[in-house]
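Everything below belongs to final.pdb, which stores PDB, C-alpha atoms and all ligand atoms.
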ATOM      1  CA  MET A 440      72.664 109.502  49.826  1.00  0.00           C
ATOM      2  CA  HIS A 441      72.824 111.219  53.223  1.00  0.00           C
ATOM      3  CA  ARG A 442      75.082 109.620  55.751  1.00  0.00           C
ATOM      4  CA  SER A 443      74.590 110.367  59.391  1.00  0.00           C
ATOM      5  CA  LYS A 444      77.568 111.235  61.515  1.00  0.00           C
ATOM      6  CA  PRO A 445      78.870 108.210  63.433  1.00  0.00           C
ATOM      7  CA  LYS A 446      77.861 108.216  67.092  1.00  0.00           C
ATOM      8  CA  GLN A 447      80.623 108.984  69.531  1.00  0.00           C
ATOM      9  CA  ALA A 448      80.577 107.420  72.961  1.00  0.00           C
ATOM     10  CA  SER A 449      80.582 109.906  75.806  1.00  0.00           C
ATOM     11  CA  LEU A 450      82.741 109.513  78.881  1.00  0.00           C
ATOM     12  CA  THR A 451      79.585 108.470  80.730  1.00  0.00           C
ATOM     13  CA  ASN A 452      78.953 105.717  78.177  1.00  0.00           C
ATOM     14  CA  ILE A 453      82.557 104.570  78.351  1.00  0.00           C
ATOM     15  CA  SER A 454      82.503 104.615  82.151  1.00  0.00           C
ATOM     16  CA  GLN A 455      79.358 102.512  82.216  1.00  0.00           C
ATOM     17  CA  ALA A 456      80.903 100.045  79.770  1.00  0.00           C
ATOM     18  CA  LEU A 457      84.063  99.795  81.880  1.00  0.00           C
ATOM     19  CA  SER A 458      81.965  99.205  85.008  1.00  0.00           C
ATOM     20  CA  VAL A 459      80.052  96.432  83.275  1.00  0.00           C
ATOM     21  CA  ALA A 460      83.325  94.878  82.068  1.00  0.00           C
ATOM     22  CA  LEU A 461      84.789  95.012  85.571  1.00  0.00           C
ATOM     23  CA  GLY A 462      81.618  93.550  87.080  1.00  0.00           C
ATOM     24  CA  VAL A 463      81.608  90.674  84.583  1.00  0.00           C
ATOM     25  CA  ARG A 464      85.278  89.988  85.292  1.00  0.00           C
ATOM     26  CA  ASP A 465      85.118  90.353  89.066  1.00  0.00           C
ATOM     27  CA  SER A 466      81.838  91.305  90.776  1.00  0.00           C
ATOM     28  CA  HIS A 467      83.593  91.518  94.159  1.00  0.00           C
ATOM     29  CA  THR A 468      85.934  94.244  92.853  1.00  0.00           C
ATOM     30  CA  LEU A 469      83.025  96.178  91.325  1.00  0.00           C
ATOM     31  CA  GLY A 470      81.258  96.267  94.698  1.00  0.00           C
ATOM     32  CA  HIS A 471      84.492  97.310  96.385  1.00  0.00           C
ATOM     33  CA  CYS A 472      84.972 100.171  93.890  1.00  0.00           C
ATOM     34  CA  GLU A 473      81.447 101.434  94.470  1.00  0.00           C
ATOM     35  CA  ARG A 474      82.052 101.528  98.233  1.00  0.00           C
ATOM     36  CA  VAL A 475      85.381 103.327  97.695  1.00  0.00           C
ATOM     37  CA  VAL A 476      83.600 106.018  95.636  1.00  0.00           C
ATOM     38  CA  THR A 477      81.275 106.733  98.569  1.00  0.00           C
ATOM     39  CA  LEU A 478      84.052 106.761 101.171  1.00  0.00           C
ATOM     40  CA  CYS A 479      86.366 108.933  99.034  1.00  0.00           C
ATOM     41  CA  ARG A 480      83.610 111.480  98.436  1.00  0.00           C
ATOM     42  CA  GLU A 481      82.817 111.757 102.145  1.00  0.00           C
ATOM     43  CA  LEU A 482      86.494 112.166 103.022  1.00  0.00           C
ATOM     44  CA  ALA A 483      87.126 114.668 100.213  1.00  0.00           C
ATOM     45  CA  ILE A 484      84.158 116.814 101.270  1.00  0.00           C
ATOM     46  CA  HIS A 485      85.691 117.071 104.746  1.00  0.00           C
ATOM     47  CA  LEU A 486      88.982 118.090 103.065  1.00  0.00           C
ATOM     48  CA  ASP A 487      87.175 120.880 101.140  1.00  0.00           C
ATOM     49  CA  PHE A 488      87.735 119.440  97.654  1.00  0.00           C
ATOM     50  CA  SER A 489      86.197 121.560  94.896  1.00  0.00           C
ATOM     51  CA  GLU A 490      83.409 120.192  92.689  1.00  0.00           C
ATOM     52  CA  ARG A 491      86.018 119.681  89.935  1.00  0.00           C
ATOM     53  CA  GLU A 492      88.266 117.721  92.301  1.00  0.00           C
ATOM     54  CA  LEU A 493      85.309 115.688  93.586  1.00  0.00           C
ATOM     55  CA  GLY A 494      84.463 114.759  89.993  1.00  0.00           C
ATOM     56  CA  ILE A 495      88.005 113.632  89.215  1.00  0.00           C
ATOM     57  CA  LEU A 496      88.212 111.704  92.482  1.00  0.00           C
ATOM     58  CA  ALA A 497      84.904 109.948  91.790  1.00  0.00           C
ATOM     59  CA  VAL A 498      86.156 108.615  88.445  1.00  0.00           C
ATOM     60  CA  ALA A 499      89.531 107.654  89.929  1.00  0.00           C
ATOM     61  CA  ALA A 500      87.825 105.851  92.817  1.00  0.00           C
ATOM     62  CA  GLN A 501      85.392 104.062  90.510  1.00  0.00           C
ATOM     63  CA  PHE A 502      88.207 102.750  88.332  1.00  0.00           C
ATOM     64  CA  HIS A 503      91.141 102.439  90.733  1.00  0.00           C
ATOM     65  CA  ASP A 504      91.075  98.645  90.328  1.00  0.00           C
ATOM     66  CA  ILE A 505      90.086  98.516  86.629  1.00  0.00           C
ATOM     67  CA  GLY A 506      93.490  96.972  85.879  1.00  0.00           C
ATOM     68  CA  LYS A 507      92.306  93.750  87.543  1.00  0.00           C
ATOM     69  CA  ILE A 508      90.669  93.069  84.163  1.00  0.00           C
ATOM     70  CA  GLY A 509      94.178  92.145  83.012  1.00  0.00           C
ATOM     71  CA  ILE A 510      95.043  89.816  85.900  1.00  0.00           C
ATOM     72  CA  PRO A 511      94.826  86.075  85.100  1.00  0.00           C
ATOM     73  CA  ASP A 512      91.975  84.121  86.729  1.00  0.00           C
ATOM     74  CA  ASN A 513      94.320  81.867  88.701  1.00  0.00           C
ATOM     75  CA  VAL A 514      95.635  84.950  90.508  1.00  0.00           C
ATOM     76  CA  LEU A 515      92.547  87.206  90.531  1.00  0.00           C
ATOM     77  CA  HIS A 516      90.301  84.505  91.965  1.00  0.00           C
ATOM     78  CA  LYS A 517      92.816  82.649  94.100  1.00  0.00           C
ATOM     79  CA  PRO A 518      91.135  81.945  97.447  1.00  0.00           C
ATOM     80  CA  SER A 519      94.353  81.507  99.411  1.00  0.00           C
ATOM     81  CA  ARG A 520      97.522  83.504 100.063  1.00  0.00           C
ATOM     82  CA  PHE A 521      99.602  84.468  97.020  1.00  0.00           C
ATOM     83  CA  GLU A 522     102.974  82.948  96.234  1.00  0.00           C
ATOM     84  CA  PRO A 523     105.612  85.682  95.605  1.00  0.00           C
ATOM     85  CA  ALA A 524     105.262  85.492  91.796  1.00  0.00           C
ATOM     86  CA  GLU A 525     101.464  85.711  92.058  1.00  0.00           C
ATOM     87  CA  TRP A 526     101.759  88.746  94.297  1.00  0.00           C
ATOM     88  CA  GLU A 527     104.051  90.428  91.752  1.00  0.00           C
ATOM     89  CA  CYS A 528     101.446  89.651  89.093  1.00  0.00           C
ATOM     90  CA  MET A 529      98.592  91.123  91.164  1.00  0.00           C
ATOM     91  CA  LYS A 530     100.595  94.267  91.837  1.00  0.00           C
ATOM     92  CA  GLN A 531     100.561  94.947  88.096  1.00  0.00           C
ATOM     93  CA  HIS A 532      96.859  95.876  88.265  1.00  0.00           C
ATOM     94  CA  SER A 533      97.678  99.475  89.156  1.00  0.00           C
ATOM     95  CA  VAL A 534      99.957  99.854  86.122  1.00  0.00           C
ATOM     96  CA  ILE A 535      97.470  98.119  83.806  1.00  0.00           C
ATOM     97  CA  GLY A 536      94.732 100.397  85.153  1.00  0.00           C
ATOM     98  CA  GLU A 537      96.806 103.478  84.411  1.00  0.00           C
ATOM     99  CA  ARG A 538      97.217 102.304  80.797  1.00  0.00           C
ATOM    100  CA  ILE A 539      93.471 101.727  80.420  1.00  0.00           C
ATOM    101  CA  ILE A 540      92.581 105.189  81.758  1.00  0.00           C
ATOM    102  CA  ARG A 541      95.210 106.926  79.598  1.00  0.00           C
ATOM    103  CA  ALA A 542      93.760 105.162  76.546  1.00  0.00           C
ATOM    104  CA  LEU A 543      90.401 106.830  77.230  1.00  0.00           C
ATOM    105  CA  ALA A 544      92.009 110.214  76.500  1.00  0.00           C
ATOM    106  CA  CYS A 545      89.126 111.855  78.360  1.00  0.00           C
ATOM    107  CA  ASP A 546      89.151 115.139  80.272  1.00  0.00           C
ATOM    108  CA  HIS A 547      91.459 114.852  83.290  1.00  0.00           C
ATOM    109  CA  ALA A 548      92.752 111.474  82.065  1.00  0.00           C
ATOM    110  CA  ASP A 549      96.283 112.272  83.259  1.00  0.00           C
ATOM    111  CA  GLU A 550      95.171 113.071  86.812  1.00  0.00           C
ATOM    112  CA  ILE A 551      92.854 110.077  86.970  1.00  0.00           C
ATOM    113  CA  ALA A 552      95.536 107.776  85.533  1.00  0.00           C
ATOM    114  CA  LEU A 553      98.064 108.963  88.127  1.00  0.00           C
ATOM    115  CA  SER A 554      95.586 108.277  90.917  1.00  0.00           C
ATOM    116  CA  VAL A 555      94.944 104.802  89.534  1.00  0.00           C
ATOM    117  CA  ARG A 556      98.665 104.050  89.171  1.00  0.00           C
ATOM    118  CA  HIS A 557      99.511 105.162  92.691  1.00  0.00           C
ATOM    119  CA  HIS A 558      96.502 103.965  94.692  1.00  0.00           C
ATOM    120  CA  HIS A 559      98.653 101.377  96.519  1.00  0.00           C
ATOM    121  CA  GLU A 560     101.523 103.681  97.437  1.00  0.00           C
ATOM    122  CA  HIS A 561     102.032 104.019 101.192  1.00  0.00           C
ATOM    123  CA  PHE A 562     103.133 107.161 102.989  1.00  0.00           C
ATOM    124  CA  ASP A 563     106.184 105.300 104.368  1.00  0.00           C
ATOM    125  CA  GLY A 564     107.286 104.201 100.880  1.00  0.00           C
ATOM    126  CA  SER A 565     106.393 100.533 101.343  1.00  0.00           C
ATOM    127  CA  GLY A 566     103.693 100.526  98.667  1.00  0.00           C
ATOM    128  CA  TYR A 567     103.708  99.912  94.911  1.00  0.00           C
ATOM    129  CA  PRO A 568     104.292 100.211  91.958  1.00  0.00           C
ATOM    130  CA  ASP A 569     106.921 102.939  92.476  1.00  0.00           C
ATOM    131  CA  ALA A 570     107.513 102.827  96.258  1.00  0.00           C
ATOM    132  CA  LEU A 571     106.798 106.562  96.465  1.00  0.00           C
ATOM    133  CA  SER A 572     106.664 108.131  99.911  1.00  0.00           C
ATOM    134  CA  GLY A 573     105.218 111.199 101.563  1.00  0.00           C
ATOM    135  CA  THR A 574     104.671 114.125  99.239  1.00  0.00           C
ATOM    136  CA  GLN A 575     106.065 112.174  96.260  1.00  0.00           C
ATOM    137  CA  ILE A 576     102.643 110.502  96.072  1.00  0.00           C
ATOM    138  CA  PRO A 577     100.459 112.499  93.626  1.00  0.00           C
ATOM    139  CA  PHE A 578      97.647 114.402  95.278  1.00  0.00           C
ATOM    140  CA  THR A 579      95.325 116.490  93.121  1.00  0.00           C
ATOM    141  CA  HIS A 580      93.749 118.623  95.850  1.00  0.00           C
ATOM    142  CA  ALA A 581      94.891 122.231  95.451  1.00  0.00           C
TER     143      ALA A 581
HETATM  144 FE    FE B 601      93.991  98.036  93.977  1.00  0.00          FE
END

Show me this structure written as structure tokens.
Ligand SMILES: [Fe+2]
Amino acid sequence: MHRSKPKQASLTNISQALSVALGVRDSHTLGHCERVVTLCRELAIHLDFSERELGILAVAAQFHDIGKIGIPDNVLHKPSRFEPAEWECMKQHSVIGERIIRALACDHADEIALSVRHHHEHFDGSGYPDALSGTQIPFTHA
């Protein structure tokens, strides 16, 4: 009996599935990510990013908050200001997101995962998760 080769999901399929999962979990964050994709592309074009860099940035922008999937409802959907422990919990979304992207093992996964991990770093070092500053913050534009 002939067995057909099992179907493999493409990165596009996986990306669509992740977007659906994020939208089901938090529709507000999905809308935010879609706006960030547009803004990042416009900014990157002005910075002369290559087509390759624009592609990596688009995926990183689309999934920069994917780690919010792992944040408990009482924190993710809290309508008021976070208590310190809740804030520490929310800050984990960048680390969780990095783990999710690395698990995809897709082309450029390392660069995308770094962008996801460090999307809340601030130039003055006051950001998270690693309090990187200045040129310590990964930047993929050559
Ligand atoms: Fe974020």

| request: Quick one: pull the distance between atom CA of A:Pro523 and atom CA of A:His557, Å, one decimal. | output: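 Atom CA of A:His557 lies 20.6 Å from atom CA of A:Pro523.
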
| message | Please return as an NGL selection string the residues found within 7 Å of ligand FE 601 (chain B), counting all atoms listed in the file. | response | :A and (503-504 or 532-533 or 558-559)

| query | To one decimal place, how far is atom CA of A:Ala524 from atom CA of A:Ser466 in Å? | reply |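 Here the two named atoms are 24.2 Å from each other.
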
Can you pull out the residues contacting stretch 538-551 of chain A? Cut-off 9 Å, using all atoms listed in the file, and skip same-chain residues under 2 positions away; I want them as an mmCIF file with C-alpha atoms, keeping the file's coordinate frame.
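Contents of result_39.cif, freshly written:
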data_model
loop_
_atom_site.group_PDB
_atom_site.id
_atom_site.type_symbol
_atom_site.label_atom_id
_atom_site.label_comp_id
_atom_site.auth_asym_id
_atom_site.auth_seq_id
_atom_site.Cartn_x
_atom_site.Cartn_y
_atom_site.Cartn_z
ATOM 1 C CA LEU A 450 82.741 109.513 78.881
ATOM 2 C CA ILE A 453 82.557 104.570 78.351
ATOM 3 C CA ILE A 495 88.005 113.632 89.215
ATOM 4 C CA LEU A 496 88.212 111.704 92.482
ATOM 5 C CA VAL A 498 86.156 108.615 88.445
ATOM 6 C CA ALA A 499 89.531 107.654 89.929
ATOM 7 C CA ALA A 500 87.825 105.851 92.817
ATOM 8 C CA PHE A 502 88.207 102.750 88.332
ATOM 9 C CA HIS A 503 91.141 102.439 90.733
ATOM 10 C CA ILE A 505 90.086 98.516 86.629
ATOM 11 C CA GLY A 506 93.490 96.972 85.879
ATOM 12 C CA SER A 533 97.678 99.475 89.156
ATOM 13 C CA VAL A 534 99.957 99.854 86.122
ATOM 14 C CA ILE A 535 97.470 98.119 83.806
ATOM 15 C CA GLY A 536 94.732 100.397 85.153
ATOM 16 C CA LEU A 553 98.064 108.963 88.127
ATOM 17 C CA SER A 554 95.586 108.277 90.917
ATOM 18 C CA VAL A 555 94.944 104.802 89.534
ATOM 19 C CA ARG A 556 98.665 104.050 89.171
ATOM 20 C CA PRO A 577 100.459 112.499 93.626
ATOM 21 C CA PHE A 578 97.647 114.402 95.278
ATOM 22 C CA THR A 579 95.325 116.490 93.121
#

| task | Kindly indicate which residue among A:Ala456, A:Glu522, A:Gly470, A:Ala497 lies nearest to A:Leu482, using only C-alpha atoms for the distances. | result |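 Of A:Ala456, A:Glu522, A:Gly470, A:Ala497, the one nearest A:Leu482, counting only C-alpha atoms, is A:Ala497.
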
| request: Identify all residues satisfying the PyMOL selection byres (((chain A and resi 479) around 10) and not hetatm) in the given file; provide them as a list in words. | output: Arg474, Val475, Val476, Thr477, Leu478, Arg480, Glu481, Leu482, Ala483, Ile484, His485, Leu493, Leu496, Ala497, Ala499, Ala500 and Gln501 of chain A

| Interatomic distance between atom CA of A:Gln531 and atom CA of A:Lys507? | 8.4 Å

Quick one: residues within 9 Å of A:Val459, all atoms listed in the file counted, chain neighbours fewer than 5 positions away excluded, as a PDB file with C-alpha atoms, in the coordinates of the input?
ATOM      1  CA  SER A 454      82.503 104.615  82.151  1.00  0.00           C
ATOM      2  CA  ARG A 464      85.278  89.988  85.292  1.00  0.00           C
ATOM      3  CA  LEU A 469      83.025  96.178  91.325  1.00  0.00           C
TER       4      LEU A 469
END

| message | For a quick check of your reading of the model, name the residues lying within 8 Å of the coordinate (102.8, 106.7, 100.6), counting all atoms listed in the file, and write them as an NGL selection string. | response | :A and (559-566 or 570-576)

| task | Evaluate the PyMOL selection byres (((chain A and resi 525) around 12) and not hetatm) here and jot the selected residues down as JSON, numbers by chain. | result | {"A": [510, 511, 512, 513, 514, 515, 516, 517, 519, 520, 521, 522, 523, 524, 526, 527, 528, 529, 530, 531, 532]}

Taking all atoms of stretch 482-495 of chain A that the file lists and extending 3 Å past them on each side, where is the centre of the axis-aligned box and how long are its edges? Answer in Å to one decimal, as lines of an AutoDock Vina configuration file.
center_x = 86.2
center_y = 116.9
center_z = 97.0
size_x = 11.6
size_y = 15.4
size_z = 21.5

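Restricting the calculation to only C-alpha atoms, the smallest distance between A:Pro568 and any of A:Gly462, A:Glu537, A:Leu486, A:Gly494 is found for A:Glu537.
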